[in-house]
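Everything below belongs to structure_24.txt, which stores compact mmCIF, C-alpha atoms.
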# COMPACT_ATOMS: atom_id res chain seq x y z
CA MET D 18 189.27 168.28 -41.89
CA GLY D 19 189.37 169.54 -38.43
CA ALA D 20 188.95 173.13 -39.54
CA ASP D 21 185.69 172.56 -41.47
CA SER D 22 182.82 172.10 -38.99
CA GLY D 23 180.07 171.95 -41.67
CA PHE D 24 178.15 174.82 -40.10
CA TYR D 25 177.34 177.88 -42.18
CA GLY D 26 175.96 181.07 -40.62
CA PRO D 27 172.62 182.48 -41.86
CA LEU D 28 172.71 184.40 -45.09
CA GLN D 29 171.86 188.11 -44.79
CA TYR D 30 168.98 189.55 -46.76
CA SER D 31 169.68 192.26 -49.28
CA PRO D 32 168.85 195.81 -48.04
CA ALA D 33 166.62 196.16 -51.11
CA TRP D 34 164.04 193.86 -49.47
CA LEU D 35 163.87 196.12 -46.43
CA TRP D 36 163.23 199.15 -48.61
CA CYS D 37 160.61 197.29 -50.68
CA GLY D 38 158.74 196.30 -47.50
CA ALA D 39 158.88 199.88 -46.17
CA ALA D 40 157.64 201.23 -49.52
CA LEU D 41 154.77 198.72 -49.49
CA LEU D 42 153.73 199.86 -45.98
CA VAL D 43 153.85 203.50 -47.08
CA LEU D 44 151.69 202.71 -50.13
CA VAL D 45 149.07 200.90 -48.03
CA ALA D 46 148.99 203.74 -45.49
CA GLY D 47 148.72 206.28 -48.31
CA TRP D 48 145.84 204.35 -49.84
CA TYR D 49 143.91 204.44 -46.56
CA VAL D 50 144.53 208.17 -46.17
CA PHE D 51 143.40 208.77 -49.77
CA VAL D 52 140.20 206.72 -49.36
CA LEU D 53 139.29 208.35 -46.06
CA ALA D 54 140.01 211.85 -47.35
CA THR D 55 137.96 211.48 -50.51
CA THR D 56 134.93 209.70 -49.06
CA ARG D 57 134.30 211.78 -45.95
CA PRO D 58 131.41 214.25 -46.21
CA ALA D 59 132.25 217.92 -46.29
CA PRO D 60 132.14 219.62 -42.90
CA ARG D 61 128.81 221.25 -42.19
CA THR D 62 128.59 224.85 -41.17
CA LYS D 63 126.17 225.90 -38.50
CA PRO D 64 123.35 228.22 -39.54
CA GLY D 65 124.30 231.77 -38.75
CA SER D 66 128.04 231.15 -38.90
CA ALA D 67 130.26 233.12 -41.23
CA GLY D 68 130.52 230.37 -43.87
CA SER D 69 126.85 229.43 -44.04
CA ARG D 70 125.73 232.10 -46.50
CA SER D 71 126.34 232.19 -50.21
CA ALA D 72 128.28 234.80 -52.11
CA LEU D 73 125.35 237.15 -51.52
CA THR D 74 126.05 237.57 -47.83
CA GLU D 75 123.78 240.54 -47.28
CA LEU D 76 120.20 239.47 -46.67
CA PRO D 77 118.66 242.50 -48.46
CA ALA D 78 120.69 241.72 -51.61
CA LEU D 79 119.76 238.05 -51.35
CA LYS D 80 116.07 238.95 -51.00
CA ALA D 81 116.21 241.28 -53.98
CA ALA D 82 117.86 238.65 -56.16
CA TYR D 83 115.28 235.98 -55.32
CA LEU D 84 112.34 238.37 -55.61
CA GLN D 85 113.54 239.24 -59.11
CA ARG D 86 113.88 235.58 -60.05
CA ILE D 87 110.37 234.79 -58.76
CA HIS D 88 109.02 237.78 -60.71
CA ASP D 89 110.81 236.53 -63.85
CA VAL D 90 109.15 233.11 -63.55
CA ASP D 91 105.75 234.78 -63.07
CA ARG D 92 106.34 236.97 -66.13
CA GLU D 93 107.46 233.98 -68.25
CA ALA D 94 104.36 232.02 -67.23
CA ALA D 95 102.09 234.96 -68.01
CA ALA D 96 103.70 235.25 -71.45
CA GLY D 97 103.06 231.55 -72.04
CA ASN D 98 106.74 230.64 -72.35
CA ILE D 99 106.52 228.01 -69.59
CA GLU D 100 103.62 225.85 -68.46
CA ALA D 101 101.80 226.64 -65.22
CA ARG D 102 102.89 223.45 -63.43
CA ALA D 103 106.54 224.01 -64.37
CA ALA D 104 106.24 227.61 -63.17
CA HIS D 105 104.87 226.46 -59.82
CA GLN D 106 107.69 223.95 -59.47
CA GLU D 107 110.26 226.63 -60.34
CA ILE D 108 108.76 229.02 -57.76
CA SER D 109 108.90 226.29 -55.12
CA LEU D 110 112.52 225.55 -56.01
CA LEU D 111 113.41 229.25 -55.84
CA LEU D 112 111.86 229.59 -52.40
CA ARG D 113 113.72 226.52 -51.19
CA ALA D 114 116.99 227.83 -52.64
CA PHE D 115 116.40 231.15 -50.89
CA VAL D 116 115.96 229.33 -47.57
CA ARG D 117 119.19 227.42 -48.24
CA ASP D 118 121.13 230.57 -49.07
CA ALA D 119 119.66 232.58 -46.18
CA THR D 120 120.03 229.95 -43.45
CA GLY D 121 122.45 227.30 -44.64
CA VAL D 122 119.75 224.61 -44.29
CA ASP D 123 119.53 222.65 -47.55
CA ALA D 124 115.79 223.01 -48.05
CA THR D 125 115.91 222.02 -51.71
CA ARG D 126 115.54 218.35 -50.75
CA MET D 127 113.03 218.75 -47.91
CA THR D 128 109.30 218.17 -47.91
CA HIS D 129 107.03 220.73 -46.31
CA GLN D 130 106.83 218.46 -43.24
CA ASP D 131 110.65 218.48 -42.97
CA LEU D 132 110.61 222.27 -43.22
CA ALA D 133 107.94 222.50 -40.52
CA ARG D 134 110.04 220.33 -38.18
CA HIS D 135 112.97 222.65 -38.77
CA PRO D 136 112.67 226.16 -37.43
CA LEU D 137 111.33 227.25 -40.86
CA PRO D 138 107.53 227.39 -40.47
CA ALA D 139 107.04 230.38 -42.81
CA ALA D 140 108.69 228.57 -45.69
CA ALA D 141 106.84 225.37 -44.81
CA ARG D 142 103.45 227.09 -45.06
CA VAL D 143 104.19 228.47 -48.52
CA ILE D 144 105.68 225.20 -49.79
CA GLU D 145 102.59 223.36 -48.49
CA ALA D 146 100.37 225.83 -50.34
CA LEU D 147 102.36 225.21 -53.54
CA TYR D 148 102.11 221.39 -53.34
CA PRO D 149 98.69 221.08 -55.08
CA ALA D 150 99.90 223.34 -57.89
CA GLU D 151 103.09 221.29 -58.28
CA PHE D 152 101.73 217.77 -57.94
CA GLY D 153 97.92 217.81 -57.69
CA PRO D 154 95.66 216.48 -60.43
CA GLY D 155 93.02 219.19 -60.10
CA PRO D 156 92.83 222.63 -61.62
CA LEU D 157 95.95 224.67 -60.95
CA PRO D 158 95.85 227.93 -59.02
CA SER D 159 97.21 230.94 -60.82
CA VAL D 160 100.96 231.31 -61.07
CA ALA D 161 100.61 234.94 -60.02
CA ALA D 162 99.01 233.90 -56.71
CA SER D 163 101.76 231.38 -56.02
CA ALA D 164 104.42 233.90 -56.96
CA ALA D 165 102.83 236.43 -54.63
CA LYS D 166 102.90 233.94 -51.72
CA ALA D 167 106.54 233.05 -52.36
CA SER D 168 107.48 236.72 -52.77
CA GLU D 169 105.78 237.60 -49.51
CA ALA D 170 107.67 234.83 -47.72
CA VAL D 171 110.97 236.11 -49.12
CA ARG D 172 110.11 239.76 -48.42
CA THR D 173 109.18 239.15 -44.78
CA TRP D 174 112.14 236.83 -44.07
CA SER D 175 114.29 237.99 -41.20
As structure tokens, how would this structure be written, given the file I've shared?
Amino acid sequence: MGADSGFYGPLQYSPAWLWCGAALLVLVAGWYVFVLATTRPAPRTKPGSAGSRSALTELPALKAAYLQRIHDVDREAAAGNIEARAAHQEISLLLRAFVRDATGVDATRMTHQDLARHPLPAAARVIEALYPAEFGPGPLPSVAASAAKASEAVRTWS
């Protein structure tokens, strides 16, 4: 009995537990990277930078495209295919989309006061003039007059 001291050394863990723990840490880190990568807002481009314009990068081509679209809405309203209020709203949306495509400023979600605070006073004046036709209860101005104002704003844009 002298050789048996009754003391046993600690048992070693299996290497599989080490690899399971490392895999768990990698999964948690991967989850954080995934969540951060998919929930971060897209990087904004500065107005005037190379990536701030749409596929129509030339301003004259962009103007021509939006002038044609405004003219199409005016023609559809004159033909009676769309109501006057819907035509005014479409003209306002087209002008706002033109501002977005020309400057990179997302004007489609801005009020005329937001546009006036931005360096976009020409667009703000036209949008303000279109507000009664879009939302007002009174008699609507002619679609042709609103289309002319929006077209003039697009035509004189620089």
Mind dumping a table of every segment 55-138 of chain D residue within 8 Å of segment 148-161 of chain D, with the nearest atom pair and its distance in Å to one decimal, using all atoms listed in the file, sorted by chain and rising number, as a Markdown table?
| residue | atom | partner | partner_atom | distance |
| --- | --- | --- | --- | --- |
| D:Asp91 | CA | D:Ala161 | CA | 6.0 |
| D:Ala94 | CA | D:Val160 | CA | 7.1 |
| D:Ala95 | CA | D:Val160 | CA | 7.9 |
| D:Ala101 | CA | D:Val160 | CA | 6.3 |
| D:Arg102 | CA | D:Glu151 | CA | 5.6 |
| D:Ala103 | CA | D:Glu151 | CA | 7.5 |
| D:Ala104 | CA | D:Val160 | CA | 6.8 |
| D:His105 | CA | D:Glu151 | CA | 5.7 |
| D:Gln106 | CA | D:Glu151 | CA | 5.4 |
Which polymer residues have any atom within 9 Å of an atom of Ser168 of chain D, counting all atoms listed in the file, with same-chain residues fewer than 5 positions away left out, as a PDB file with C-alpha atoms, in the frame of the given file?
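So the final result, stored in selection.pdb, reads:
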ATOM      1  CA  TYR D  83     115.280 235.980 -55.320  1.00  0.00           C
ATOM      2  CA  LEU D  84     112.340 238.370 -55.610  1.00  0.00           C
ATOM      3  CA  ILE D  87     110.370 234.790 -58.760  1.00  0.00           C
ATOM      4  CA  HIS D  88     109.020 237.780 -60.710  1.00  0.00           C
ATOM      5  CA  LEU D 112     111.860 229.590 -52.400  1.00  0.00           C
ATOM      6  CA  SER D 163     101.760 231.380 -56.020  1.00  0.00           C
ATOM      7  CA  THR D 173     109.180 239.150 -44.780  1.00  0.00           C
TER       8      THR D 173
END
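Nearest to Arg172 of chain D of all the residues D:Gln85, D:Thr56, D:Gln130, D:Asn98 is D:Gln85, counting only C-alpha atoms.
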TODO: Give as a PyMOL selection string the set of residues within 9 Å of the point (117.5, 231.3, -42.5), where distances use the file's coordinates and only C-alpha atoms.
DONE: chain D and resi 64-65+115-122+136-137+174-175
Restricted to C-alpha atoms, what would the selected residues look like written as a short mmCIF file (atom, residue, chain, number, x, y, z; two decimals), in the coordinates of the input?
data_model
loop_
_atom_site.label_atom_id
_atom_site.label_comp_id
_atom_site.auth_asym_id
_atom_site.auth_seq_id
_atom_site.Cartn_x
_atom_site.Cartn_y
_atom_site.Cartn_z
CA PRO D 64 123.35 228.22 -39.54
CA GLY D 65 124.30 231.77 -38.75
CA PHE D 115 116.40 231.15 -50.89
CA VAL D 116 115.96 229.33 -47.57
CA ARG D 117 119.19 227.42 -48.24
CA ASP D 118 121.13 230.57 -49.07
CA ALA D 119 119.66 232.58 -46.18
CA THR D 120 120.03 229.95 -43.45
CA GLY D 121 122.45 227.30 -44.64
CA VAL D 122 119.75 224.61 -44.29
CA PRO D 136 112.67 226.16 -37.43
CA LEU D 137 111.33 227.25 -40.86
CA TRP D 174 112.14 236.83 -44.07
CA SER D 175 114.29 237.99 -41.20
#
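One distance worth recording is that between atom CA of Ala139 of chain D and atom CA of Val171 of chain D, which is 9.4 Å.
Proximity of D:Arg57, D:Arg113, D:Arg86, D:Arg142 to Met127 of chain D, computed with only C-alpha atoms, is greatest for D:Arg113.
Using only C-alpha atoms, the smallest distance between any of D:Leu28, D:Leu41, D:Ile108, D:Ala46 and Asp89 of chain D comes from D:Ile108.
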Task: Coordinates-based distance that separates atom CA of Ala141 of chain D from atom CA of Arg126 of chain D (Å, one decimal) - done: 12.7 Å
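Taking atom CA of Ala165 of chain D and atom CA of Ala96 of chain D as the two end points, the separation is 16.9 Å.
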